[in-house]
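Trainee: The structure file my_file13.cif (mmCIF, C-alpha atoms; chains and numbers go by the auth columns) is provided below.
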data_data
loop_
_atom_site.group_PDB
_atom_site.id
_atom_site.type_symbol
_atom_site.label_atom_id
_atom_site.label_comp_id
_atom_site.label_asym_id
_atom_site.label_seq_id
_atom_site.Cartn_x
_atom_site.Cartn_y
_atom_site.Cartn_z
_atom_site.B_iso_or_equiv
_atom_site.auth_seq_id
_atom_site.auth_asym_id
ATOM 1 C CA MET A 1 20.990 17.439 0.412 0.00 1 A
ATOM 2 C CA THR A 2 17.502 18.211 -0.792 0.00 2 A
ATOM 3 C CA ILE A 3 16.487 18.597 -4.415 0.00 3 A
ATOM 4 C CA ASN A 4 13.866 20.627 -6.227 0.00 4 A
ATOM 5 C CA ASN A 5 13.946 23.550 -3.819 0.00 5 A
ATOM 6 C CA THR A 6 11.430 25.727 -5.625 0.00 6 A
ATOM 7 C CA PRO A 7 7.891 25.439 -4.235 0.00 7 A
ATOM 8 C CA SER A 8 6.359 24.775 -7.638 0.00 8 A
ATOM 9 C CA ARG A 9 8.793 21.931 -8.365 0.00 9 A
ATOM 10 C CA ARG A 10 8.207 20.410 -4.926 0.00 10 A
ATOM 11 C CA LEU A 11 4.437 20.525 -5.440 0.00 11 A
ATOM 12 C CA LEU A 12 4.744 19.029 -8.911 0.00 12 A
ATOM 13 C CA ALA A 13 6.885 16.206 -7.521 0.00 13 A
ATOM 14 C CA LEU A 14 4.380 15.600 -4.720 0.00 14 A
ATOM 15 C CA ALA A 15 1.577 15.450 -7.287 0.00 15 A
ATOM 16 C CA GLY A 16 3.591 12.868 -9.217 0.00 16 A
ATOM 17 C CA TRP A 17 3.992 10.652 -6.148 0.00 17 A
ATOM 18 C CA ILE A 18 0.287 10.982 -5.374 0.00 18 A
ATOM 19 C CA LEU A 19 -0.608 10.053 -8.959 0.00 19 A
ATOM 20 C CA LEU A 20 1.718 7.048 -8.833 0.00 20 A
ATOM 21 C CA CYS A 21 0.197 5.736 -5.607 0.00 21 A
ATOM 22 C CA PHE A 22 -3.377 6.270 -6.737 0.00 22 A
ATOM 23 C CA ALA A 23 -2.570 4.671 -10.106 0.00 23 A
ATOM 24 C CA ALA A 24 -1.608 1.523 -8.208 0.00 24 A
ATOM 25 C CA ALA A 25 -4.857 1.832 -6.273 0.00 25 A
ATOM 26 C CA SER A 26 -6.873 2.282 -9.440 0.00 26 A
ATOM 27 C CA LEU A 27 -5.726 -1.097 -10.743 0.00 27 A
ATOM 28 C CA GLY A 28 -7.776 -2.588 -7.956 0.00 28 A
ATOM 29 C CA GLY A 29 -10.809 -0.714 -9.239 0.00 29 A
ATOM 30 C CA PHE A 30 -11.077 -3.199 -12.069 0.00 30 A
ATOM 31 C CA PHE A 31 -11.727 -5.947 -9.520 0.00 31 A
ATOM 32 C CA GLY A 32 -14.473 -4.887 -7.152 0.00 32 A
ATOM 33 C CA PRO A 33 -15.743 -7.136 -4.375 0.00 33 A
ATOM 34 C CA GLY A 34 -18.834 -8.153 -6.357 0.00 34 A
ATOM 35 C CA GLU A 35 -21.160 -11.075 -5.822 0.00 35 A
ATOM 36 C CA TRP A 36 -18.397 -13.574 -5.061 0.00 36 A
ATOM 37 C CA TYR A 37 -17.215 -11.575 -2.048 0.00 37 A
ATOM 38 C CA ALA A 38 -20.793 -10.935 -0.906 0.00 38 A
ATOM 39 C CA SER A 39 -21.412 -14.697 -0.891 0.00 39 A
ATOM 40 C CA LEU A 40 -18.421 -15.506 1.353 0.00 40 A
ATOM 41 C CA LYS A 41 -18.798 -16.419 5.007 0.00 41 A
ATOM 42 C CA LYS A 42 -17.190 -13.598 6.962 0.00 42 A
ATOM 43 C CA PRO A 43 -16.002 -13.274 10.541 0.00 43 A
ATOM 44 C CA MET A 44 -18.207 -11.132 12.758 0.00 44 A
ATOM 45 C CA TRP A 45 -15.397 -8.552 13.008 0.00 45 A
ATOM 46 C CA ASN A 46 -15.345 -8.023 9.231 0.00 46 A
ATOM 47 C CA PRO A 47 -15.540 -4.235 8.736 0.00 47 A
ATOM 48 C CA PRO A 48 -18.366 -2.681 6.731 0.00 48 A
ATOM 49 C CA GLY A 49 -17.587 -2.143 3.063 0.00 49 A
ATOM 50 C CA TRP A 50 -17.835 1.657 3.253 0.00 50 A
ATOM 51 C CA ILE A 51 -14.751 1.883 5.477 0.00 51 A
ATOM 52 C CA PHE A 52 -12.273 0.644 2.875 0.00 52 A
ATOM 53 C CA GLY A 53 -12.432 3.635 0.507 0.00 53 A
ATOM 54 C CA PRO A 54 -11.659 6.329 3.098 0.00 54 A
ATOM 55 C CA VAL A 55 -9.004 4.230 4.825 0.00 55 A
ATOM 56 C CA TRP A 56 -7.187 3.377 1.607 0.00 56 A
ATOM 57 C CA SER A 57 -7.426 6.972 0.355 0.00 57 A
ATOM 58 C CA ALA A 58 -5.725 8.188 3.515 0.00 58 A
ATOM 59 C CA LEU A 59 -3.113 5.435 3.351 0.00 59 A
ATOM 60 C CA TYR A 60 -2.258 6.054 -0.312 0.00 60 A
ATOM 61 C CA THR A 61 -1.891 9.761 0.407 0.00 61 A
ATOM 62 C CA MET A 62 0.411 9.056 3.349 0.00 62 A
ATOM 63 C CA MET A 63 2.429 6.621 1.217 0.00 63 A
ATOM 64 C CA ALA A 64 2.866 9.278 -1.460 0.00 64 A
ATOM 65 C CA VAL A 65 3.981 11.903 1.048 0.00 65 A
ATOM 66 C CA ALA A 66 6.419 9.439 2.613 0.00 66 A
ATOM 67 C CA ALA A 67 8.017 8.593 -0.735 0.00 67 A
ATOM 68 C CA TRP A 68 8.135 12.268 -1.652 0.00 68 A
ATOM 69 C CA LEU A 69 9.897 13.146 1.614 0.00 69 A
ATOM 70 C CA VAL A 70 12.573 10.528 0.930 0.00 70 A
ATOM 71 C CA TRP A 71 12.882 11.557 -2.698 0.00 71 A
ATOM 72 C CA GLN A 72 13.341 15.189 -1.581 0.00 72 A
ATOM 73 C CA GLN A 73 16.525 14.168 0.235 0.00 73 A
ATOM 74 C CA GLY A 74 18.505 13.606 -2.945 0.00 74 A
ATOM 75 C CA GLY A 75 16.330 11.868 -5.491 0.00 75 A
ATOM 76 C CA PHE A 76 16.647 8.422 -7.002 0.00 76 A
ATOM 77 C CA ALA A 77 20.413 8.636 -7.321 0.00 77 A
ATOM 78 C CA ALA A 78 20.909 9.229 -3.598 0.00 78 A
ATOM 79 C CA TRP A 79 18.213 6.881 -2.292 0.00 79 A
ATOM 80 C CA ARG A 80 17.852 4.099 -4.837 0.00 80 A
ATOM 81 C CA GLY A 81 17.505 1.354 -2.171 0.00 81 A
ATOM 82 C CA PRO A 82 14.739 2.942 -0.096 0.00 82 A
ATOM 83 C CA LEU A 83 12.817 4.047 -3.183 0.00 83 A
ATOM 84 C CA LEU A 84 13.220 0.581 -4.728 0.00 84 A
ATOM 85 C CA ALA A 85 11.710 -0.872 -1.548 0.00 85 A
ATOM 86 C CA PHE A 86 8.817 1.557 -1.950 0.00 86 A
ATOM 87 C CA PHE A 87 8.221 0.506 -5.566 0.00 87 A
ATOM 88 C CA VAL A 88 8.356 -3.196 -4.639 0.00 88 A
ATOM 89 C CA GLN A 89 5.718 -2.779 -1.953 0.00 89 A
ATOM 90 C CA LEU A 90 3.578 -0.674 -4.301 0.00 90 A
ATOM 91 C CA VAL A 91 3.643 -3.410 -6.954 0.00 91 A
ATOM 92 C CA LEU A 92 2.758 -6.019 -4.330 0.00 92 A
ATOM 93 C CA ASN A 93 -0.023 -3.753 -3.091 0.00 93 A
ATOM 94 C CA ALA A 94 -1.481 -3.530 -6.591 0.00 94 A
ATOM 95 C CA ALA A 95 -1.205 -7.308 -7.088 0.00 95 A
ATOM 96 C CA TRP A 96 -3.325 -8.337 -4.100 0.00 96 A
ATOM 97 C CA THR A 97 -6.695 -7.145 -5.419 0.00 97 A
ATOM 98 C CA PRO A 98 -6.598 -9.094 -8.709 0.00 98 A
ATOM 99 C CA LEU A 99 -5.564 -12.242 -6.824 0.00 99 A
ATOM 100 C CA PHE A 100 -8.281 -11.977 -4.211 0.00 100 A
ATOM 101 C CA PHE A 101 -11.214 -10.286 -5.947 0.00 101 A
ATOM 102 C CA GLY A 102 -10.367 -10.978 -9.596 0.00 102 A
ATOM 103 C CA LEU A 103 -9.200 -14.582 -9.529 0.00 103 A
ATOM 104 C CA HIS A 104 -10.949 -15.535 -6.255 0.00 104 A
ATOM 105 C CA TRP A 105 -7.740 -17.033 -4.876 0.00 105 A
ATOM 106 C CA PRO A 106 -7.743 -16.112 -1.180 0.00 106 A
ATOM 107 C CA GLY A 107 -4.947 -18.594 -0.424 0.00 107 A
ATOM 108 C CA ALA A 108 -2.619 -17.076 -3.013 0.00 108 A
ATOM 109 C CA ALA A 109 -3.698 -13.605 -1.898 0.00 109 A
ATOM 110 C CA LEU A 110 -2.758 -14.525 1.680 0.00 110 A
ATOM 111 C CA LEU A 111 0.744 -15.525 0.608 0.00 111 A
ATOM 112 C CA GLU A 112 1.001 -12.349 -1.443 0.00 112 A
ATOM 113 C CA ILE A 113 -0.156 -10.103 1.416 0.00 113 A
ATOM 114 C CA ILE A 114 2.497 -11.653 3.670 0.00 114 A
ATOM 115 C CA LEU A 115 5.081 -10.646 1.063 0.00 115 A
ATOM 116 C CA LEU A 116 3.476 -7.193 0.968 0.00 116 A
ATOM 117 C CA TRP A 117 3.743 -6.930 4.759 0.00 117 A
ATOM 118 C CA LEU A 118 7.442 -7.817 4.595 0.00 118 A
ATOM 119 C CA ALA A 119 8.002 -5.286 1.810 0.00 119 A
ATOM 120 C CA ILE A 120 6.272 -2.546 3.817 0.00 120 A
ATOM 121 C CA ALA A 121 8.429 -3.364 6.851 0.00 121 A
ATOM 122 C CA TRP A 122 11.507 -3.238 4.595 0.00 122 A
ATOM 123 C CA THR A 123 10.381 0.140 3.248 0.00 123 A
ATOM 124 C CA ILE A 124 9.831 1.535 6.740 0.00 124 A
ATOM 125 C CA ALA A 125 13.307 0.409 7.797 0.00 125 A
ATOM 126 C CA ALA A 126 14.859 1.857 4.640 0.00 126 A
ATOM 127 C CA PHE A 127 12.965 5.151 4.988 0.00 127 A
ATOM 128 C CA TRP A 128 13.960 5.420 8.670 0.00 128 A
ATOM 129 C CA ARG A 129 17.594 5.914 7.643 0.00 129 A
ATOM 130 C CA VAL A 130 16.622 8.768 5.319 0.00 130 A
ATOM 131 C CA HIS A 131 13.644 10.583 6.854 0.00 131 A
ATOM 132 C CA ARG A 132 12.010 9.437 10.090 0.00 132 A
ATOM 133 C CA THR A 133 8.727 11.212 9.414 0.00 133 A
ATOM 134 C CA ALA A 134 8.492 9.318 6.112 0.00 134 A
ATOM 135 C CA ALA A 135 8.968 6.044 7.965 0.00 135 A
ATOM 136 C CA TRP A 136 6.317 6.943 10.542 0.00 136 A
ATOM 137 C CA LEU A 137 3.858 7.822 7.785 0.00 137 A
ATOM 138 C CA LEU A 138 3.977 4.177 6.679 0.00 138 A
ATOM 139 C CA VAL A 139 3.224 2.697 10.107 0.00 139 A
ATOM 140 C CA PRO A 140 -0.588 3.016 9.767 0.00 140 A
ATOM 141 C CA TYR A 141 -0.281 1.308 6.378 0.00 141 A
ATOM 142 C CA LEU A 142 1.596 -1.593 7.971 0.00 142 A
ATOM 143 C CA ALA A 143 -1.046 -1.797 10.709 0.00 143 A
ATOM 144 C CA TRP A 144 -3.902 -1.846 8.180 0.00 144 A
ATOM 145 C CA VAL A 145 -2.177 -4.480 6.035 0.00 145 A
ATOM 146 C CA SER A 146 -1.627 -6.529 9.203 0.00 146 A
ATOM 147 C CA PHE A 147 -5.374 -6.406 9.839 0.00 147 A
ATOM 148 C CA ALA A 148 -6.104 -7.138 6.165 0.00 148 A
ATOM 149 C CA ALA A 149 -3.803 -10.174 6.284 0.00 149 A
ATOM 150 C CA VAL A 150 -5.629 -11.568 9.311 0.00 150 A
ATOM 151 C CA LEU A 151 -8.961 -10.913 7.596 0.00 151 A
ATOM 152 C CA ASN A 152 -7.695 -12.548 4.385 0.00 152 A
ATOM 153 C CA GLY A 153 -6.627 -15.587 6.416 0.00 153 A
ATOM 154 C CA ALA A 154 -9.992 -15.787 8.162 0.00 154 A
ATOM 155 C CA LEU A 155 -11.864 -15.554 4.868 0.00 155 A
ATOM 156 C CA TRP A 156 -9.693 -18.305 3.391 0.00 156 A
ATOM 157 C CA ARG A 157 -10.276 -20.525 6.410 0.00 157 A
ATOM 158 C CA LEU A 158 -14.047 -19.904 6.511 0.00 158 A
ATOM 159 C CA ASN A 159 -14.488 -20.516 2.769 0.00 159 A
ATOM 160 C CA PRO A 160 -12.521 -23.652 1.810 0.00 160 A
#
Please go through the file and, once you have read it, give me the structure as structure tokens.

Mentor:
Amino acid sequence: MTINNTPSRRLLALAGWILLCFAAASLGGFFGPGEWYASLKKPMWNPPGWIFGPVWSALYTMMAVAAWLVWQQGGFAAWRGPLLAFFVQLVLNAAWTPLFFGLHWPGAALLEIILLWLAIAWTIAAFWRVHRTAAWLLVPYLAWVSFAAVLNGALWRLNP
């Protein structure tokens, strides 16, 4: 059963999911890389700084569409578990930046990003039962967070 069948209501709901995801992203905007990050020893495979904005913009958009697709299948009442998983991973996503860039705690950020990875995997599994396209939309996110976790670990190891 889908909900909000009118095109205008579907678009409004999609806009809401996009706003929610980018609101979580904007929390990280308060904690930019800054001088501390610039001073860290980095592995030679550390990506250039300009890549993060476009990658995260694409990922947040895909996350929003994925949540919207699940929500379309019956709303919060029908899919409380999968949407709860989505909200948990979104909160964990928003928490990593203050830990790493704000507090300069790469060790704590590494533990947190492992929890984020698990929450994303949980969300993919939960979304798979509802809407397979929604689950697939989160796979690049899981891949990027996997890379980010390895990078976080390398930065922690290189900068004791």

Trainee: Decode the PyMOL selection byres ((chain A and resi 141) around 10) for the given file into explicit residues and return them as a list in words.

Mentor: Val55, Trp56, Ala58, Leu59, Tyr60, Met62, Met63, Trp117, Ile120, Ala121, Trp136, Leu137, Leu138, Val139, Pro140, Leu142, Ala143, Trp144, Val145, Ser146 and Phe147 of chain A

Trainee: Applied to this file, what does the PyMOL selection byres ((chain A and resi 71) around 12) return in terms of residues, put as JSON, numbers by chain?

Mentor: {"A": [1, 2, 3, 4, 10, 13, 14, 16, 17, 64, 65, 66, 67, 68, 69, 70, 72, 73, 74, 75, 76, 77, 78, 79, 80, 81, 82, 83, 84, 86, 127, 130, 131, 134]}

Trainee: Hey, what's within 12 Å of Val150 of chain A if we count only C-alpha atoms and toss same-chain stuff fewer than 3 positions away? As a PyMOL selection string, please?

Mentor: chain A and resi 42-43+45-46+106+109-111+113-114+117+143-147+153-157

Trainee: List the spatial neighbours of Gly29 of chain A as a PDB file with C-alpha atoms, in the coordinates of the input - criterion: any atom at most 12 Å away, all atoms listed in the file, same-chain residues fewer than 5 positions off excluded.

Mentor:
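Contents of out_21.pdb, freshly written:
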ATOM      1  CA  PHE A  22      -3.377   6.270  -6.737  1.00  0.00           C
ATOM      2  CA  ALA A  23      -2.570   4.671 -10.106  1.00  0.00           C
ATOM      3  CA  ALA A  24      -1.608   1.523  -8.208  1.00  0.00           C
ATOM      4  CA  GLY A  34     -18.834  -8.153  -6.357  1.00  0.00           C
ATOM      5  CA  GLY A  53     -12.432   3.635   0.507  1.00  0.00           C
ATOM      6  CA  ALA A  94      -1.481  -3.530  -6.591  1.00  0.00           C
ATOM      7  CA  ALA A  95      -1.205  -7.308  -7.088  1.00  0.00           C
ATOM      8  CA  TRP A  96      -3.325  -8.337  -4.100  1.00  0.00           C
ATOM      9  CA  THR A  97      -6.695  -7.145  -5.419  1.00  0.00           C
ATOM     10  CA  PRO A  98      -6.598  -9.094  -8.709  1.00  0.00           C
ATOM     11  CA  PHE A 101     -11.214 -10.286  -5.947  1.00  0.00           C
ATOM     12  CA  GLY A 102     -10.367 -10.978  -9.596  1.00  0.00           C
TER      13      GLY A 102
END

Trainee: Between atom CA of Ser57 of chain A and atom CA of Asn159 of chain A, what distance in Å does the model show, to one decimal?

Mentor: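 Value for the atom CA of Ser57 of chain A-atom CA of Asn159 of chain A distance: 28.5 Å.
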
Trainee: Just the residues within 7 Å of Ala85 of chain A, please, counting only C-alpha atoms, with nothing from its chain fewer than 3 positions along; format it as JSON, numbers by chain.

Mentor: {"A": [81, 82, 88, 89, 119, 122, 123]}

Trainee: The selected residues should be written to file as a CSV table (one decimal), keeping the file's coordinate frame (atoms: C-alpha atoms).

Mentor:
chain,number,residue,atom,x,y,z
A,81,GLY,CA,17.5,1.4,-2.2
A,82,PRO,CA,14.7,2.9,-0.1
A,88,VAL,CA,8.4,-3.2,-4.6
A,89,GLN,CA,5.7,-2.8,-2.0
A,119,ALA,CA,8.0,-5.3,1.8
A,122,TRP,CA,11.5,-3.2,4.6
A,123,THR,CA,10.4,0.1,3.2

Trainee: Quick one: axis-aligned box around all listed atoms of segment 136-142 of chain A, 3 Å on every side, centre and edge lengths in Å to one decimal, written as AutoDock Vina command-line options.

Mentor:
--center_x 2.9 --center_y 3.1 --center_z 8.5 --size_x 12.9 --size_y 15.4 --size_z 10.2

Trainee: Figure out the distance between atom CA of Leu27 of chain A and atom CA of Thr133 of chain A, please, to one decimal in Å.

Mentor: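 Interatomic distance, atom CA of Thr133 of chain A to atom CA of Leu27 of chain A: 27.7 Å.
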